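my_file_8.pdb (PDB, C-alpha atoms)
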ATOM      1  CA  ARG A   1     -35.661  -8.841 -20.818  1.00  0.00           C
ATOM      2  CA  LEU A   2     -35.311  -5.737 -18.674  1.00  0.00           C
ATOM      3  CA  TRP A   3     -34.864  -7.718 -15.463  1.00  0.00           C
ATOM      4  CA  PHE A   4     -33.218 -10.972 -16.501  1.00  0.00           C
ATOM      5  CA  GLY A   5     -31.964 -10.455 -20.052  1.00  0.00           C
ATOM      6  CA  HIS A   6     -28.539  -9.496 -21.359  1.00  0.00           C
ATOM      7  CA  ASN A   7     -27.617  -5.993 -20.112  1.00  0.00           C
ATOM      8  CA  GLY A   8     -30.626  -6.060 -17.817  1.00  0.00           C
ATOM      9  CA  VAL A   9     -30.942  -4.928 -14.226  1.00  0.00           C
ATOM     10  CA  GLN A  10     -29.098  -7.967 -12.856  1.00  0.00           C
ATOM     11  CA  ASP A  11     -26.096  -7.332 -15.122  1.00  0.00           C
ATOM     12  CA  TYR A  12     -26.167  -3.648 -14.198  1.00  0.00           C
ATOM     13  CA  THR A  13     -26.210  -4.461 -10.465  1.00  0.00           C
ATOM     14  CA  ARG A  14     -23.398  -7.006 -10.810  1.00  0.00           C
ATOM     15  CA  LEU A  15     -21.237  -4.573 -12.793  1.00  0.00           C
ATOM     16  CA  LYS A  16     -21.959  -1.747 -10.367  1.00  0.00           C
ATOM     17  CA  GLU A  17     -20.747  -3.904  -7.459  1.00  0.00           C
ATOM     18  CA  ALA A  18     -17.641  -4.934  -9.410  1.00  0.00           C
ATOM     19  CA  VAL A  19     -16.808  -1.305 -10.190  1.00  0.00           C
ATOM     20  CA  PHE A  20     -17.229  -0.364  -6.523  1.00  0.00           C
ATOM     21  CA  SER A  21     -14.941  -3.210  -5.468  1.00  0.00           C
ATOM     22  CA  HIS A  22     -12.287  -2.179  -7.984  1.00  0.00           C
ATOM     23  CA  GLN A  23     -12.504   1.445  -6.869  1.00  0.00           C
ATOM     24  CA  GLN A  24     -11.837   0.420  -3.269  1.00  0.00           C
ATOM     25  CA  THR A  25      -8.881  -1.705  -4.365  1.00  0.00           C
ATOM     26  CA  ASN A  26      -7.524   1.198  -6.409  1.00  0.00           C
ATOM     27  CA  GLU A  27      -7.785   3.562  -3.433  1.00  0.00           C
ATOM     28  CA  LYS A  28      -5.769   1.154  -1.278  1.00  0.00           C
ATOM     29  CA  LEU A  29      -3.143   0.793  -4.004  1.00  0.00           C
ATOM     30  CA  ILE A  30      -2.925   4.562  -4.473  1.00  0.00           C
ATOM     31  CA  LYS A  31      -2.262   5.012  -0.735  1.00  0.00           C
ATOM     32  CA  ARG A  32       0.379   2.267  -0.816  1.00  0.00           C
ATOM     33  CA  ASN A  33       2.035   3.858  -3.852  1.00  0.00           C
ATOM     34  CA  LYS A  34       2.166   7.232  -2.098  1.00  0.00           C
ATOM     35  CA  VAL A  35       3.932   5.646   0.889  1.00  0.00           C
ATOM     36  CA  LEU A  36       6.402   3.875  -1.409  1.00  0.00           C
ATOM     37  CA  THR A  37       7.053   7.083  -3.346  1.00  0.00           C
ATOM     38  CA  ALA A  38       7.755   8.930  -0.099  1.00  0.00           C
ATOM     39  CA  ASP A  39      10.172   6.159   0.952  1.00  0.00           C
ATOM     40  CA  ILE A  40      11.980   6.354  -2.373  1.00  0.00           C
ATOM     41  CA  GLU A  41      12.321  10.130  -2.160  1.00  0.00           C
ATOM     42  CA  ASP A  42      13.563   9.840   1.416  1.00  0.00           C
ATOM     43  CA  LEU A  43      16.189   7.306   0.380  1.00  0.00           C
ATOM     44  CA  LYS A  44      17.283   9.447  -2.568  1.00  0.00           C
ATOM     45  CA  LEU A  45      17.597  12.704  -0.655  1.00  0.00           C
ATOM     46  CA  ARG A  46      18.790  11.870   2.834  1.00  0.00           C
ATOM     47  CA  GLN A  47      21.440   9.690   4.377  1.00  0.00           C
ATOM     48  CA  GLU A  48      19.244   9.305   7.474  1.00  0.00           C
ATOM     49  CA  GLY A  49      16.655   7.397   5.444  1.00  0.00           C
ATOM     50  CA  ILE A  50      19.252   4.870   4.353  1.00  0.00           C
ATOM     51  CA  GLU A  51      20.551   4.492   7.907  1.00  0.00           C
ATOM     52  CA  GLU A  52      17.038   4.057   9.284  1.00  0.00           C
ATOM     53  CA  ARG A  53      16.228   1.333   6.775  1.00  0.00           C
ATOM     54  CA  ALA A  54      19.521  -0.457   7.470  1.00  0.00           C
ATOM     55  CA  ARG A  55      18.804  -0.376  11.202  1.00  0.00           C
ATOM     56  CA  LYS A  56      15.216  -1.636  10.920  1.00  0.00           C
ATOM     57  CA  GLU A  57      15.534  -4.236   8.209  1.00  0.00           C
ATOM     58  CA  LEU A  58      19.123  -5.412   8.541  1.00  0.00           C
ATOM     59  CA  GLY A  59      19.811  -4.780  12.231  1.00  0.00           C
ATOM     60  CA  MET A  60      22.935  -2.767  11.420  1.00  0.00           C
ATOM     61  CA  ILE A  61      24.598  -0.348  13.838  1.00  0.00           C
ATOM     62  CA  ASN A  62      27.422   2.169  13.464  1.00  0.00           C
ATOM     63  CA  PRO A  63      30.925   1.084  14.528  1.00  0.00           C
ATOM     64  CA  ASP A  64      30.940   3.461  17.513  1.00  0.00           C
ATOM     65  CA  GLU A  65      27.524   2.340  18.839  1.00  0.00           C
ATOM     66  CA  THR A  66      26.595  -0.321  21.369  1.00  0.00           C
ATOM     67  CA  TYR A  67      23.522  -2.457  20.742  1.00  0.00           C
ATOM     68  CA  ILE A  68      21.433  -3.242  23.816  1.00  0.00           C
ATOM     69  CA  ARG A  69      18.437  -5.542  23.596  1.00  0.00           C
ATOM     70  CA  VAL A  70      15.860  -5.403  26.395  1.00  0.00           C
ATOM     71  CA  LEU A  71      13.606  -8.409  26.765  1.00  0.00           C
ATOM     72  CA  PRO A  72      10.205  -8.147  28.481  1.00  0.00           C
TER      73      PRO A  72
END
Rendering of file as structure tokens:
Amino acid sequence: RLWFGHNGVQDYTRLKEAVFSHQQTNEKLIKRNKVLTADIEDLKLRQEGIEERARKELGMINPDETYIRVLP
């Protein structure tokens, strides 16, 4: 029963691996959440953050700017 039974060594090993896997996933999600929180704070506090996001994601430019695209 110790090796193969319910709550035996095999169950313990399987659960230990599952916990380790979930801990790694949680660490990745925590890092992602920190980046998102920083982005949100940047957007709330500074106009530059909003302009940067508009430039990157929407391709927007200011009315007095000229857009130049350089191809390789």
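Straight-line separation from CA of Tyr67 in chain A to CA of Glu51 in chain A: 14.9 Å.
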For this session: Record the distance separating CA of Leu71 in chain A and CA of Gln47 in chain A, expressed in Å with one decimal.
Result: 29.8 Å
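The interatomic distance for the pair CA of Leu36 in chain A and CA of Gly49 in chain A works out to 12.8 Å.
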Pull out chain A, keep C-alpha atoms, and write it as a tab-separated table (two decimals), in the first residue's frame.
chain	number	residue	atom	x	y	z
A	1	ARG	CA	0.00	0.00	0.00
A	2	LEU	CA	2.88	2.35	0.72
A	3	TRP	CA	4.18	2.22	-2.85
A	4	PHE	CA	1.13	1.63	-5.02
A	5	GLY	CA	-1.90	2.30	-2.83
A	6	HIS	CA	-4.05	5.40	-2.44
A	7	ASN	CA	-1.92	8.27	-1.07
A	8	GLY	CA	1.18	6.18	-1.58
A	9	VAL	CA	4.56	7.18	-2.95
A	10	GLN	CA	3.33	7.29	-6.55
A	11	ASP	CA	0.51	9.69	-5.66
A	12	TYR	CA	2.94	11.80	-3.62
A	13	THR	CA	5.40	11.99	-6.54
A	14	ARG	CA	2.65	12.86	-9.03
A	15	LEU	CA	1.26	15.60	-6.77
A	16	LYS	CA	4.73	16.97	-6.08
A	17	GLU	CA	5.36	17.32	-9.83
A	18	ALA	CA	1.96	18.96	-10.33
A	19	VAL	CA	2.65	21.47	-7.56
A	20	PHE	CA	6.05	22.29	-9.08
A	21	SER	CA	4.47	22.82	-12.49
A	22	HIS	CA	1.80	25.11	-11.04
A	23	GLN	CA	4.41	27.09	-9.13
A	24	GLN	CA	6.34	27.73	-12.34
A	25	THR	CA	3.15	28.81	-14.11
A	26	ASN	CA	2.31	31.13	-11.21
A	27	GLU	CA	5.76	32.73	-11.35
A	28	LYS	CA	5.34	33.47	-15.06
A	29	LEU	CA	1.89	34.94	-14.45
A	30	ILE	CA	3.16	37.08	-11.57
A	31	LYS	CA	5.88	38.53	-13.83
A	32	ARG	CA	3.32	39.20	-16.57
A	33	ASN	CA	0.99	40.88	-14.08
A	34	LYS	CA	3.80	43.13	-12.85
A	35	VAL	CA	4.50	44.25	-16.43
A	36	LEU	CA	0.79	44.91	-17.03
A	37	THR	CA	0.50	46.84	-13.76
A	38	ALA	CA	3.47	49.00	-14.74
A	39	ASP	CA	1.86	49.67	-18.14
A	40	ILE	CA	-1.41	50.66	-16.50
A	41	GLU	CA	0.33	53.03	-14.09
A	42	ASP	CA	2.31	54.53	-16.95
A	43	LEU	CA	-0.87	55.13	-18.94
A	44	LYS	CA	-2.62	56.66	-15.93
A	45	LEU	CA	0.18	59.02	-14.95
A	46	ARG	CA	1.87	60.18	-18.13
A	47	GLN	CA	0.79	61.45	-21.50
A	48	GLU	CA	3.97	59.99	-23.01
A	49	GLY	CA	2.78	56.47	-22.23
A	50	ILE	CA	-0.42	57.04	-24.16
A	51	GLU	CA	1.48	58.54	-27.10
A	52	GLU	CA	3.96	55.66	-27.12
A	53	ARG	CA	1.19	53.07	-27.19
A	54	ALA	CA	-0.65	54.93	-29.96
A	55	ARG	CA	2.54	55.05	-32.03
A	56	LYS	CA	3.43	51.37	-31.57
A	57	GLU	CA	0.04	49.74	-31.79
A	58	LEU	CA	-1.93	52.11	-34.00
A	59	GLY	CA	0.82	53.68	-36.11
A	60	MET	CA	-0.33	57.19	-35.20
A	61	ILE	CA	1.83	60.30	-35.57
A	62	ASN	CA	1.38	63.92	-34.48
A	63	PRO	CA	0.04	66.40	-37.06
A	64	ASP	CA	3.38	68.23	-37.27
A	65	GLU	CA	5.47	65.06	-37.79
A	66	THR	CA	6.59	63.31	-40.95
A	67	TYR	CA	6.57	59.51	-41.06
A	68	ILE	CA	9.51	57.92	-42.87
A	69	ARG	CA	9.68	54.18	-43.37
A	70	VAL	CA	13.07	52.64	-44.20
A	71	LEU	CA	13.02	49.23	-45.81
A	72	PRO	CA	16.03	46.88	-45.60
